[in-house]
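In what follows, a structure is listed as C-alpha cells, so that the remarks can point back to it.
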Amino acid sequence: MPQHIVYVGMEDYPRNIMEFERRFASEEACKRYLFQIRWPNGFRCPRCEHQKAWETGQGLYYCTNCKYKTSVTAGTIFQDTSKPLQVWFRAMWYVTNQKQGVSALGLQRTLGLGSYRTAWSWLHKLRCAMVRPGRDRLFGIIEVDEAYIGGPESGKRGRGAAGKALVVIAAQKDGKRIGRIRLKHVPDASAKSLNDAVKNSIEPNSIVCTDDWNGYNQLSKLGYNHNVIRKASGVGKNLLPSANIVISLLKRWLLGIHQGAVKISFLDYYLDEFTFRFNRRNSRSRGKLFYRLVQQAADVEHISIKDISSERPNTEPLYMV
Ligand SMILES: [Zn+2]
C-alpha cells in the first residue's frame, strides 16, 4: 500500500562529524533530509503545485492531482547520479568543512571515488550550487574595483590581454571591516561591462566608491550614489582598500588550492566558490554551511557533466594566476 505523505521540514543540521555520521548513516536518512530541505512545508508537485502525493515503492512521488511522477533528486544537482546520496552528503560535508576549499584530487582520495573525473565534475556541480539562484545584491557602501587575474599587472585598462581575465570586485563596507562581496568576470573595463557588473551585484541607491576611471562615469545615471575616489592610477592601484584585500585573498586562494592552474573558461566557478566561502567566513558553524550547500544544491537546476564538459575546450592552455 502506498502511503500518504505528510512531512514538516525545519532548519536543522549536524554540528560536528559525529552527529553527521549518526544522522546520515543510511541512504534513506539522506533522502529524508533532502526532502525536508526541498519541501519544508510538505510535498509540492513541481508541475501543478499540488500538495498531495503517493510514494511508490521505488521512492518516486506520484502527484494525486496531475499524476506527475517525481523524485526527491529530480531537478537538483543530484539528478541522474549513479552514486548514493550518502557519498554526495560526505562530499558536501568535506567541501564545507575545509575552510580553504578542496581540490578534485583531495575529494577523490577522501571519498575513495574511482575516477578523478567524477570528483572534478562533482566539485563543479557544487560550485554551481554555491551561487544561490536569484541571490540578493549588496546594499550600503560598496567599493568597486577591477583586477586582472593571471600574469603581471599591466597598469593599463581597456582591453584584456591574452591569458588574463578581468574581474570586477564589489566589497561591502561593514564599519572598518569587509562585509559581503560579489565577483564578476567581465570581458573588458568598458562602461558597458562595468555597468552590467555593478547592476548585477549592487542595489540602486547604494554608495558606490570607485576610482576615476571613465568606465564608471554612468553609475550616477544608473541610480547609484557614485563616490569617486581620486588619485587613482592603474588597475588595482588605488585607494579602495577593501576591494584590494579581497583581490589579494582571491589570488592567494587560487594559487593555494588550485596551484594557480585555473582555466579561464572555469574562472566563474572558482569566483562563485570563493564568494560563497568569503561571505560565510565568520560562520561559527560549519554544519550550517553544509546545510546551506544542501539547500542550494536542491534549488539549482540539474547540470549534466556534458554541460560542464562542453565548456572545456581541450586546447585551452592552463591559466596561471
Ligand atoms: Zn501535480
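Order determines the names: the first chain of the C-alpha cells is A, the second B, and so forth; residues in each chain are numbered 1 upward, and ligands are numbered 1 upward as they are shown.
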Handout entry: Near-ligand residues for ligand 1, threshold 10 Å, only C-alpha atoms and all ligand atoms, as a VMD selection string
Key = chain A and resid 44 to 53 61 to 70
Residues as selected, N, CA and C atoms, written as a tab-separated table (two decimals), in the first residue's frame, can you do that?
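Output file again.tsv is given in full below:
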```tsv
chain	number	residue	atom	x	y	z
A	44	ARG	N	5.35	19.38	-2.70
A	44	ARG	CA	4.68	20.28	-3.65
A	44	ARG	C	5.02	19.79	-5.05
A	45	CYS	N	4.03	19.49	-5.81
A	45	CYS	CA	4.27	18.96	-7.16
A	45	CYS	C	4.98	20.03	-8.01
A	46	PRO	N	6.11	19.65	-8.63
A	46	PRO	CA	6.86	20.64	-9.43
A	46	PRO	C	6.06	21.12	-10.64
A	47	ARG	N	5.07	20.32	-11.05
A	47	ARG	CA	4.32	20.70	-12.24
A	47	ARG	C	3.08	21.51	-11.89
A	48	CYS	N	2.29	21.06	-10.93
A	48	CYS	CA	1.00	21.73	-10.68
A	48	CYS	C	0.89	22.32	-9.27
A	49	GLU	N	1.92	22.18	-8.46
A	49	GLU	CA	1.95	22.77	-7.12
A	49	GLU	C	1.02	22.07	-6.12
A	50	HIS	N	0.41	21.01	-6.58
A	50	HIS	CA	-0.47	20.26	-5.69
A	50	HIS	C	0.34	19.70	-4.52
A	51	GLN	N	-0.31	19.56	-3.36
A	51	GLN	CA	0.46	19.18	-2.18
A	51	GLN	C	0.26	17.75	-1.72
A	52	LYS	N	-0.45	16.99	-2.52
A	52	LYS	CA	-0.60	15.59	-2.12
A	52	LYS	C	0.04	14.65	-3.13
A	53	ALA	N	0.72	13.66	-2.61
A	53	ALA	CA	1.36	12.69	-3.49
A	53	ALA	C	1.35	11.32	-2.82
A	61	TYR	N	7.52	10.05	-6.18
A	61	TYR	CA	6.32	10.70	-5.67
A	61	TYR	C	5.37	10.92	-6.84
A	62	TYR	N	4.15	10.51	-6.62
A	62	TYR	CA	3.16	10.47	-7.68
A	62	TYR	C	2.07	11.45	-7.32
A	63	CYS	N	2.03	12.58	-8.05
A	63	CYS	CA	1.08	13.66	-7.72
A	63	CYS	C	-0.35	13.14	-7.84
A	64	THR	N	-1.17	13.34	-6.81
A	64	THR	CA	-2.55	12.82	-6.85
A	64	THR	C	-3.43	13.68	-7.75
A	65	ASN	N	-2.95	14.86	-8.11
A	65	ASN	CA	-3.75	15.73	-8.98
A	65	ASN	C	-3.42	15.52	-10.46
A	66	CYS	N	-2.14	15.77	-10.83
A	66	CYS	CA	-1.80	15.73	-12.27
A	66	CYS	C	-1.07	14.45	-12.67
A	67	LYS	N	-0.88	13.55	-11.71
A	67	LYS	CA	-0.26	12.24	-11.97
A	67	LYS	C	1.23	12.32	-12.35
A	68	TYR	N	1.82	13.47	-12.17
A	68	TYR	CA	3.24	13.64	-12.50
A	68	TYR	C	4.07	12.85	-11.49
A	69	LYS	N	5.09	12.18	-12.02
A	69	LYS	CA	5.98	11.42	-11.14
A	69	LYS	C	7.27	12.18	-10.94
A	70	THR	N	7.70	12.28	-9.73
A	70	THR	CA	8.97	12.97	-9.49
A	70	THR	C	9.72	12.25	-8.36
```
Would you please extract all helix (DSSP H, G or I) residues from region 49-277 of chain A, as assigned by DSSP on the backbone, and give them as a PDB file with C-alpha atoms, in the first residue's frame?
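Ended up saving to selection_11.pdb:
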```pdb
ATOM      1  CA  LEU A  85      23.325  10.349  -1.800  1.00  0.00           C
ATOM      2  CA  GLN A  86      25.404   9.230   1.149  1.00  0.00           C
ATOM      3  CA  VAL A  87      28.541   9.810  -0.894  1.00  0.00           C
ATOM      4  CA  TRP A  88      27.264  13.190  -2.073  1.00  0.00           C
ATOM      5  CA  PHE A  89      26.492  14.203   1.507  1.00  0.00           C
ATOM      6  CA  ARG A  90      30.005  13.280   2.535  1.00  0.00           C
ATOM      7  CA  ALA A  91      31.353  15.316  -0.352  1.00  0.00           C
ATOM      8  CA  MET A  92      29.343  18.345   0.771  1.00  0.00           C
ATOM      9  CA  TRP A  93      30.421  17.894   4.367  1.00  0.00           C
ATOM     10  CA  TYR A  94      34.052  17.679   3.310  1.00  0.00           C
ATOM     11  CA  VAL A  95      33.824  20.670   0.969  1.00  0.00           C
ATOM     12  CA  THR A  96      32.211  22.902   3.584  1.00  0.00           C
ATOM     13  CA  ASN A  97      34.481  21.793   6.407  1.00  0.00           C
ATOM     14  CA  ALA A 104      39.418  17.401  -7.084  1.00  0.00           C
ATOM     15  CA  LEU A 105      42.270  15.087  -6.137  1.00  0.00           C
ATOM     16  CA  GLY A 106      41.649  15.723  -2.432  1.00  0.00           C
ATOM     17  CA  LEU A 107      37.964  14.934  -2.858  1.00  0.00           C
ATOM     18  CA  GLN A 108      38.687  11.802  -4.868  1.00  0.00           C
ATOM     19  CA  ARG A 109      41.044  10.463  -2.198  1.00  0.00           C
ATOM     20  CA  THR A 110      38.828  11.352   0.731  1.00  0.00           C
ATOM     21  CA  LEU A 111      35.752   9.674  -0.692  1.00  0.00           C
ATOM     22  CA  TYR A 116      39.322  11.825 -10.877  1.00  0.00           C
ATOM     23  CA  ARG A 117      36.821  12.983 -13.468  1.00  0.00           C
ATOM     24  CA  THR A 118      33.894  12.227 -11.159  1.00  0.00           C
ATOM     25  CA  ALA A 119      35.490  14.200  -8.331  1.00  0.00           C
ATOM     26  CA  TRP A 120      36.236  17.022 -10.719  1.00  0.00           C
ATOM     27  CA  SER A 121      32.679  17.203 -12.069  1.00  0.00           C
ATOM     28  CA  TRP A 122      31.199  16.990  -8.559  1.00  0.00           C
ATOM     29  CA  LEU A 123      33.235  19.963  -7.457  1.00  0.00           C
ATOM     30  CA  HIS A 124      31.987  21.933 -10.429  1.00  0.00           C
ATOM     31  CA  LYS A 125      28.405  20.989  -9.690  1.00  0.00           C
ATOM     32  CA  LEU A 126      28.820  22.013  -6.074  1.00  0.00           C
ATOM     33  CA  ARG A 127      30.320  25.322  -7.153  1.00  0.00           C
ATOM     34  CA  CYS A 128      27.228  25.934  -9.262  1.00  0.00           C
ATOM     35  CA  ALA A 129      25.186  25.300  -6.138  1.00  0.00           C
ATOM     36  CA  MET A 130      27.206  27.823  -4.180  1.00  0.00           C
ATOM     37  CA  ALA A 191      31.474  51.273 -19.348  1.00  0.00           C
ATOM     38  CA  LYS A 192      29.085  48.635 -20.627  1.00  0.00           C
ATOM     39  CA  SER A 193      30.863  45.765 -18.897  1.00  0.00           C
ATOM     40  CA  LEU A 194      31.287  47.694 -15.664  1.00  0.00           C
ATOM     41  CA  ASN A 195      27.690  48.959 -15.643  1.00  0.00           C
ATOM     42  CA  ASP A 196      26.432  45.410 -16.094  1.00  0.00           C
ATOM     43  CA  ALA A 197      28.650  44.092 -13.327  1.00  0.00           C
ATOM     44  CA  VAL A 198      27.542  46.807 -10.917  1.00  0.00           C
ATOM     45  CA  LYS A 199      23.854  46.426 -11.744  1.00  0.00           C
ATOM     46  CA  ASN A 200      24.204  42.707 -11.255  1.00  0.00           C
ATOM     47  CA  SER A 201      25.881  42.977  -7.866  1.00  0.00           C
ATOM     48  CA  ASN A 214      35.804  56.783 -17.043  1.00  0.00           C
ATOM     49  CA  GLY A 215      34.221  53.340 -17.360  1.00  0.00           C
ATOM     50  CA  TYR A 216      32.406  54.212 -14.142  1.00  0.00           C
ATOM     51  CA  PRO A 241      41.404  49.027   0.485  1.00  0.00           C
ATOM     52  CA  SER A 242      38.534  46.564   0.928  1.00  0.00           C
ATOM     53  CA  ALA A 243      38.406  45.696  -2.751  1.00  0.00           C
ATOM     54  CA  ASN A 244      42.183  45.357  -2.812  1.00  0.00           C
ATOM     55  CA  ILE A 245      42.217  42.994   0.166  1.00  0.00           C
ATOM     56  CA  VAL A 246      39.610  40.825  -1.494  1.00  0.00           C
ATOM     57  CA  ILE A 247      41.550  40.596  -4.728  1.00  0.00           C
ATOM     58  CA  SER A 248      44.764  39.629  -2.988  1.00  0.00           C
ATOM     59  CA  LEU A 249      42.957  36.969  -0.950  1.00  0.00           C
ATOM     60  CA  LEU A 250      41.370  35.668  -4.134  1.00  0.00           C
ATOM     61  CA  LYS A 251      44.727  35.412  -5.895  1.00  0.00           C
ATOM     62  CA  ARG A 252      46.297  33.675  -2.931  1.00  0.00           C
ATOM     63  CA  TRP A 253      43.400  31.240  -2.722  1.00  0.00           C
ATOM     64  CA  LEU A 254      43.597  30.365  -6.419  1.00  0.00           C
ATOM     65  CA  LEU A 255      47.296  29.741  -6.032  1.00  0.00           C
ATOM     66  CA  GLY A 256      46.969  27.702  -2.857  1.00  0.00           C
ATOM     67  CA  ILE A 257      44.093  25.401  -3.655  1.00  0.00           C
ATOM     68  CA  HIS A 258      44.405  25.132  -7.353  1.00  0.00           C
ATOM     69  CA  ILE A 264      39.682  30.912 -17.983  1.00  0.00           C
ATOM     70  CA  SER A 265      36.504  29.142 -19.022  1.00  0.00           C
ATOM     71  CA  PHE A 266      36.153  27.883 -15.455  1.00  0.00           C
ATOM     72  CA  LEU A 267      37.032  31.064 -13.669  1.00  0.00           C
ATOM     73  CA  ASP A 268      33.366  31.854 -12.943  1.00  0.00           C
ATOM     74  CA  TYR A 269      33.002  28.633 -10.964  1.00  0.00           C
ATOM     75  CA  TYR A 270      36.003  29.475  -8.837  1.00  0.00           C
ATOM     76  CA  LEU A 271      34.765  33.015  -8.279  1.00  0.00           C
ATOM     77  CA  ASP A 272      31.479  31.562  -7.053  1.00  0.00           C
ATOM     78  CA  GLU A 273      33.195  29.220  -4.652  1.00  0.00           C
ATOM     79  CA  PHE A 274      35.421  31.971  -3.324  1.00  0.00           C
ATOM     80  CA  THR A 275      32.405  34.264  -2.838  1.00  0.00           C
ATOM     81  CA  PHE A 276      30.479  31.543  -1.021  1.00  0.00           C
ATOM     82  CA  ARG A 277      33.382  30.907   1.328  1.00  0.00           C
TER      83      ARG A 277
END
```
Handout entry: Separation of CA of Val167 (chain A) from CA of Ser206 (chain A) in Å
Key = 20.5 Å
Problem - DSSP-assigned strand (DSSP E or B) among region 100-287 of chain A, expressed as a ChimeraX atom specification - result: /A:138,141-149,165-174,177-186,202,207-210,225-228,261
With N, CA, C and O atoms retained, could you export that selection as a compact mmCIF listing (two decimals), in the first residue's frame?
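Wrote it out as out23.txt, contents follow:
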```txt
# COMPACT_ATOMS: atom_id res chain seq x y z
N LEU A 138 24.22 43.40 -3.13
CA LEU A 138 24.79 44.13 -1.99
C LEU A 138 24.09 45.48 -1.85
O LEU A 138 23.63 46.06 -2.81
N ILE A 141 27.42 50.82 1.56
CA ILE A 141 28.61 51.44 0.99
C ILE A 141 29.45 50.33 0.37
O ILE A 141 29.86 49.39 1.05
N ILE A 142 29.70 50.46 -0.91
CA ILE A 142 30.38 49.38 -1.63
C ILE A 142 31.59 49.94 -2.37
O ILE A 142 31.46 50.91 -3.11
N GLU A 143 32.72 49.29 -2.20
CA GLU A 143 33.89 49.62 -3.02
C GLU A 143 33.88 48.73 -4.26
O GLU A 143 33.69 47.52 -4.16
N VAL A 144 34.13 49.36 -5.40
CA VAL A 144 34.17 48.58 -6.64
C VAL A 144 35.50 48.85 -7.35
O VAL A 144 35.93 50.00 -7.48
N ASP A 145 36.14 47.78 -7.76
CA ASP A 145 37.40 47.91 -8.48
C ASP A 145 37.54 46.71 -9.40
O ASP A 145 36.80 45.73 -9.25
N GLU A 146 38.48 46.78 -10.33
CA GLU A 146 38.72 45.61 -11.15
C GLU A 146 40.17 45.18 -10.97
O GLU A 146 41.02 45.97 -10.58
N ALA A 147 40.41 43.93 -11.28
CA ALA A 147 41.79 43.44 -11.23
C ALA A 147 41.96 42.34 -12.25
O ALA A 147 41.01 41.61 -12.56
N TYR A 148 43.17 42.22 -12.75
CA TYR A 148 43.48 41.13 -13.66
C TYR A 148 43.89 39.90 -12.86
O TYR A 148 44.63 39.99 -11.89
N ILE A 149 43.38 38.79 -13.28
CA ILE A 149 43.81 37.51 -12.75
C ILE A 149 44.68 36.89 -13.84
O ILE A 149 44.24 36.78 -14.99
N ALA A 165 42.38 37.52 -17.22
CA ALA A 165 40.94 37.77 -17.14
C ALA A 165 40.71 38.94 -16.21
O ALA A 165 41.42 39.11 -15.22
N LEU A 166 39.74 39.74 -16.55
CA LEU A 166 39.43 40.90 -15.72
C LEU A 166 38.24 40.56 -14.82
O LEU A 166 37.22 40.05 -15.28
N VAL A 167 38.42 40.84 -13.54
CA VAL A 167 37.37 40.53 -12.56
C VAL A 167 36.97 41.82 -11.85
O VAL A 167 37.83 42.57 -11.41
N VAL A 168 35.66 42.04 -11.76
CA VAL A 168 35.17 43.20 -11.01
C VAL A 168 34.85 42.73 -9.59
O VAL A 168 34.18 41.73 -9.39
N ILE A 169 35.38 43.49 -8.64
CA ILE A 169 35.19 43.15 -7.24
C ILE A 169 34.27 44.19 -6.62
O ILE A 169 34.52 45.39 -6.76
N ALA A 170 33.22 43.75 -5.96
CA ALA A 170 32.37 44.66 -5.20
C ALA A 170 32.46 44.22 -3.75
O ALA A 170 32.12 43.08 -3.43
N ALA A 171 32.96 45.10 -2.89
CA ALA A 171 33.14 44.74 -1.48
C ALA A 171 32.34 45.72 -0.61
O ALA A 171 32.57 46.92 -0.65
N GLN A 172 31.43 45.17 0.14
CA GLN A 172 30.58 45.97 1.00
C GLN A 172 31.34 46.34 2.26
O GLN A 172 32.04 45.49 2.83
N LYS A 173 31.21 47.59 2.68
CA LYS A 173 31.90 48.00 3.90
C LYS A 173 30.98 47.77 5.08
O LYS A 173 29.79 48.08 5.05
N ASP A 174 31.58 47.20 6.12
CA ASP A 174 30.82 46.93 7.33
C ASP A 174 31.61 47.55 8.47
O ASP A 174 32.42 46.89 9.11
N ARG A 177 35.33 46.83 8.77
CA ARG A 177 35.56 45.50 8.21
C ARG A 177 34.93 45.37 6.83
O ARG A 177 34.22 46.25 6.37
N ILE A 178 35.21 44.25 6.20
CA ILE A 178 34.58 43.97 4.91
C ILE A 178 33.35 43.11 5.16
O ILE A 178 33.41 42.13 5.90
N GLY A 179 32.25 43.53 4.58
CA GLY A 179 31.02 42.73 4.71
C GLY A 179 31.01 41.65 3.64
O GLY A 179 31.95 40.90 3.48
N ARG A 180 29.97 41.62 2.86
CA ARG A 180 29.86 40.61 1.82
C ARG A 180 30.48 41.10 0.52
O ARG A 180 30.71 42.29 0.34
N ILE A 181 30.74 40.17 -0.36
CA ILE A 181 31.35 40.54 -1.65
C ILE A 181 30.57 39.92 -2.82
O ILE A 181 29.82 38.96 -2.63
N ARG A 182 30.82 40.47 -3.97
CA ARG A 182 30.39 39.86 -5.23
C ARG A 182 31.56 39.98 -6.20
O ARG A 182 32.26 41.00 -6.20
N LEU A 183 31.75 38.95 -7.02
CA LEU A 183 32.82 38.97 -8.02
C LEU A 183 32.23 38.68 -9.38
O LEU A 183 31.34 37.84 -9.50
N LYS A 184 32.73 39.38 -10.36
CA LYS A 184 32.19 39.17 -11.71
C LYS A 184 33.30 39.22 -12.73
O LYS A 184 34.09 40.17 -12.77
N HIS A 185 33.38 38.18 -13.52
CA HIS A 185 34.35 38.10 -14.60
C HIS A 185 33.78 38.89 -15.78
O HIS A 185 32.69 38.59 -16.24
N VAL A 186 34.49 39.90 -16.25
CA VAL A 186 33.98 40.74 -17.34
C VAL A 186 34.93 40.70 -18.53
O VAL A 186 36.13 40.45 -18.36
N ILE A 202 24.89 45.10 -7.17
CA ILE A 202 24.61 46.13 -6.15
C ILE A 202 23.23 46.74 -6.34
O ILE A 202 22.83 47.07 -7.45
N ILE A 207 25.86 53.54 -2.01
CA ILE A 207 27.01 54.40 -2.28
C ILE A 207 28.09 53.54 -2.91
O ILE A 207 28.54 52.56 -2.30
N VAL A 208 28.45 53.86 -4.13
CA VAL A 208 29.45 53.05 -4.83
C VAL A 208 30.74 53.86 -4.96
O VAL A 208 30.76 54.92 -5.58
N CYS A 209 31.81 53.38 -4.34
CA CYS A 209 33.10 54.07 -4.38
C CYS A 209 33.97 53.43 -5.46
O CYS A 209 34.18 52.21 -5.45
N THR A 210 34.45 54.25 -6.36
CA THR A 210 35.36 53.75 -7.40
C THR A 210 36.48 54.76 -7.58
O THR A 210 36.43 55.85 -7.02
N ASN A 225 24.68 56.30 -5.82
CA ASN A 225 25.39 57.47 -5.31
C ASN A 225 26.86 57.21 -5.55
O ASN A 225 27.50 56.46 -4.81
N HIS A 226 27.36 57.79 -6.59
CA HIS A 226 28.71 57.46 -7.03
C HIS A 226 29.73 58.34 -6.32
O HIS A 226 29.69 59.56 -6.42
N ASN A 227 30.63 57.72 -5.62
CA ASN A 227 31.66 58.43 -4.87
C ASN A 227 33.01 58.16 -5.53
O ASN A 227 33.56 57.07 -5.39
N VAL A 228 33.50 59.15 -6.27
CA VAL A 228 34.76 58.94 -7.00
C VAL A 228 35.94 59.26 -6.09
O VAL A 228 36.05 60.36 -5.56
N ALA A 261 46.49 26.77 -11.32
CA ALA A 261 46.11 26.22 -12.62
C ALA A 261 44.59 26.28 -12.78
O ALA A 261 43.89 25.33 -12.52
```
Quick one: residues within 10 Å of Lys31 (chain A), only C-alpha atoms counted, chain neighbours fewer than 6 positions away excluded, as a PDB file with all heavy atoms, in the first residue's frame?
```pdb
ATOM      1  N   PHE A  24      23.457  10.644   9.017  1.00  0.00           N
ATOM      2  CA  PHE A  24      23.378  10.212   7.618  1.00  0.00           C
ATOM      3  C   PHE A  24      23.977   8.827   7.410  1.00  0.00           C
ATOM      4  O   PHE A  24      24.751   8.584   6.497  1.00  0.00           O
ATOM      5  CB  PHE A  24      24.029  11.255   6.709  1.00  0.00           C
ATOM      6  CG  PHE A  24      23.397  12.608   6.860  1.00  0.00           C
ATOM      7  CD1 PHE A  24      24.119  13.675   7.383  1.00  0.00           C
ATOM      8  CD2 PHE A  24      22.064  12.804   6.522  1.00  0.00           C
ATOM      9  CE1 PHE A  24      23.519  14.923   7.554  1.00  0.00           C
ATOM     10  CE2 PHE A  24      21.457  14.046   6.687  1.00  0.00           C
ATOM     11  CZ  PHE A  24      22.190  15.105   7.202  1.00  0.00           C
ATOM     12  N   ILE A  37      14.429  19.597   3.135  1.00  0.00           N
ATOM     13  CA  ILE A  37      15.015  20.844   2.659  1.00  0.00           C
ATOM     14  C   ILE A  37      14.311  21.324   1.382  1.00  0.00           C
ATOM     15  O   ILE A  37      14.026  22.499   1.219  1.00  0.00           O
ATOM     16  CB  ILE A  37      16.534  20.654   2.443  1.00  0.00           C
ATOM     17  CG1 ILE A  37      17.209  20.711   3.813  1.00  0.00           C
ATOM     18  CG2 ILE A  37      17.093  21.694   1.487  1.00  0.00           C
ATOM     19  CD1 ILE A  37      18.701  20.583   3.786  1.00  0.00           C
ATOM     20  N   GLY A  59      10.564   4.910  -4.464  1.00  0.00           N
ATOM     21  CA  GLY A  59      10.948   6.214  -3.924  1.00  0.00           C
ATOM     22  C   GLY A  59      10.507   7.365  -4.806  1.00  0.00           C
ATOM     23  O   GLY A  59      11.026   8.469  -4.715  1.00  0.00           O
ATOM     24  N   SER A  71      10.947  12.666  -8.151  1.00  0.00           N
ATOM     25  CA  SER A  71      11.707  12.093  -7.041  1.00  0.00           C
ATOM     26  C   SER A  71      12.354  13.234  -6.291  1.00  0.00           C
ATOM     27  O   SER A  71      12.376  14.372  -6.772  1.00  0.00           O
ATOM     28  CB  SER A  71      12.783  11.142  -7.566  1.00  0.00           C
ATOM     29  OG  SER A  71      13.816  11.889  -8.161  1.00  0.00           O
ATOM     30  N   VAL A  72      12.902  12.911  -5.148  1.00  0.00           N
ATOM     31  CA  VAL A  72      13.465  13.972  -4.320  1.00  0.00           C
ATOM     32  C   VAL A  72      14.726  14.567  -4.962  1.00  0.00           C
ATOM     33  O   VAL A  72      15.094  15.709  -4.706  1.00  0.00           O
ATOM     34  CB  VAL A  72      13.712  13.460  -2.879  1.00  0.00           C
ATOM     35  CG1 VAL A  72      14.919  12.550  -2.813  1.00  0.00           C
ATOM     36  CG2 VAL A  72      13.831  14.610  -1.890  1.00  0.00           C
ATOM     37  N   THR A  73      15.363  13.802  -5.857  1.00  0.00           N
ATOM     38  CA  THR A  73      16.579  14.318  -6.500  1.00  0.00           C
ATOM     39  C   THR A  73      16.314  14.957  -7.863  1.00  0.00           C
ATOM     40  O   THR A  73      17.168  15.672  -8.379  1.00  0.00           O
ATOM     41  CB  THR A  73      17.617  13.192  -6.703  1.00  0.00           C
ATOM     42  OG1 THR A  73      16.982  12.129  -7.409  1.00  0.00           O
ATOM     43  CG2 THR A  73      18.168  12.687  -5.394  1.00  0.00           C
ATOM     44  N   PRO A  84      25.366   6.904  -4.565  1.00  0.00           N
ATOM     45  CA  PRO A  84      24.402   7.116  -3.479  1.00  0.00           C
ATOM     46  C   PRO A  84      24.464   8.553  -2.941  1.00  0.00           C
ATOM     47  O   PRO A  84      25.523   9.183  -2.964  1.00  0.00           O
ATOM     48  CB  PRO A  84      24.873   6.142  -2.387  1.00  0.00           C
ATOM     49  CG  PRO A  84      25.781   5.184  -3.054  1.00  0.00           C
ATOM     50  CD  PRO A  84      26.360   5.877  -4.239  1.00  0.00           C
ATOM     51  N   LEU A  85      23.340   9.025  -2.436  1.00  0.00           N
ATOM     52  CA  LEU A  85      23.325  10.349  -1.800  1.00  0.00           C
ATOM     53  C   LEU A  85      24.289  10.405  -0.625  1.00  0.00           C
ATOM     54  O   LEU A  85      24.825  11.458  -0.305  1.00  0.00           O
ATOM     55  CB  LEU A  85      21.912  10.671  -1.297  1.00  0.00           C
ATOM     56  CG  LEU A  85      20.923  11.235  -2.311  1.00  0.00           C
ATOM     57  CD1 LEU A  85      19.584  11.486  -1.627  1.00  0.00           C
ATOM     58  CD2 LEU A  85      21.456  12.519  -2.938  1.00  0.00           C
ATOM     59  N   GLN A  86      24.475   9.272   0.014  1.00  0.00           N
ATOM     60  CA  GLN A  86      25.404   9.230   1.149  1.00  0.00           C
ATOM     61  C   GLN A  86      26.794   9.733   0.758  1.00  0.00           C
ATOM     62  O   GLN A  86      27.451  10.412   1.528  1.00  0.00           O
ATOM     63  CB  GLN A  86      25.530   7.787   1.669  1.00  0.00           C
ATOM     64  CG  GLN A  86      24.497   7.427   2.713  1.00  0.00           C
ATOM     65  CD  GLN A  86      24.796   6.064   3.313  1.00  0.00           C
ATOM     66  OE1 GLN A  86      24.561   5.049   2.666  1.00  0.00           O
ATOM     67  NE2 GLN A  86      25.328   6.049   4.513  1.00  0.00           N
TER      68      GLN A  86
END
```
Problem - Non-local contacts of Arg38 (chain A) (12 Å; only C-alpha atoms; under 5 positions in same chain excluded) as a list in words - result: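 Contacts, in chain order: Tyr7, Val8, Gly9, Met10, Glu11, Lys31, Arg32, Tyr33, Phe43, Arg44, Cys45, Pro46, Ser71, Val72, Thr73, Ala74, Gly75, Thr76, Tyr291, Arg292, Val294, Gln295, Gln296, Ala297, Ala298, Asp299 and Val300 of chain A.
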Problem - Surrounding residues of Arg15 (chain A) excluding itself and chain neighbours under 6 positions, 12 Å, only C-alpha atoms, as a list in words - result: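 Here the qualifying residues turn out to be Glu21, Arg22, Arg23, Trp93, Asn97, Arg284, Ser285, Arg286, Gly287, Lys288, Leu289, Phe290 and Tyr291 of chain A.
CA of Gln58 (chain A) to CA of Glu28 (chain A) spans 11.8 Å [interatomic distance, one decimal].
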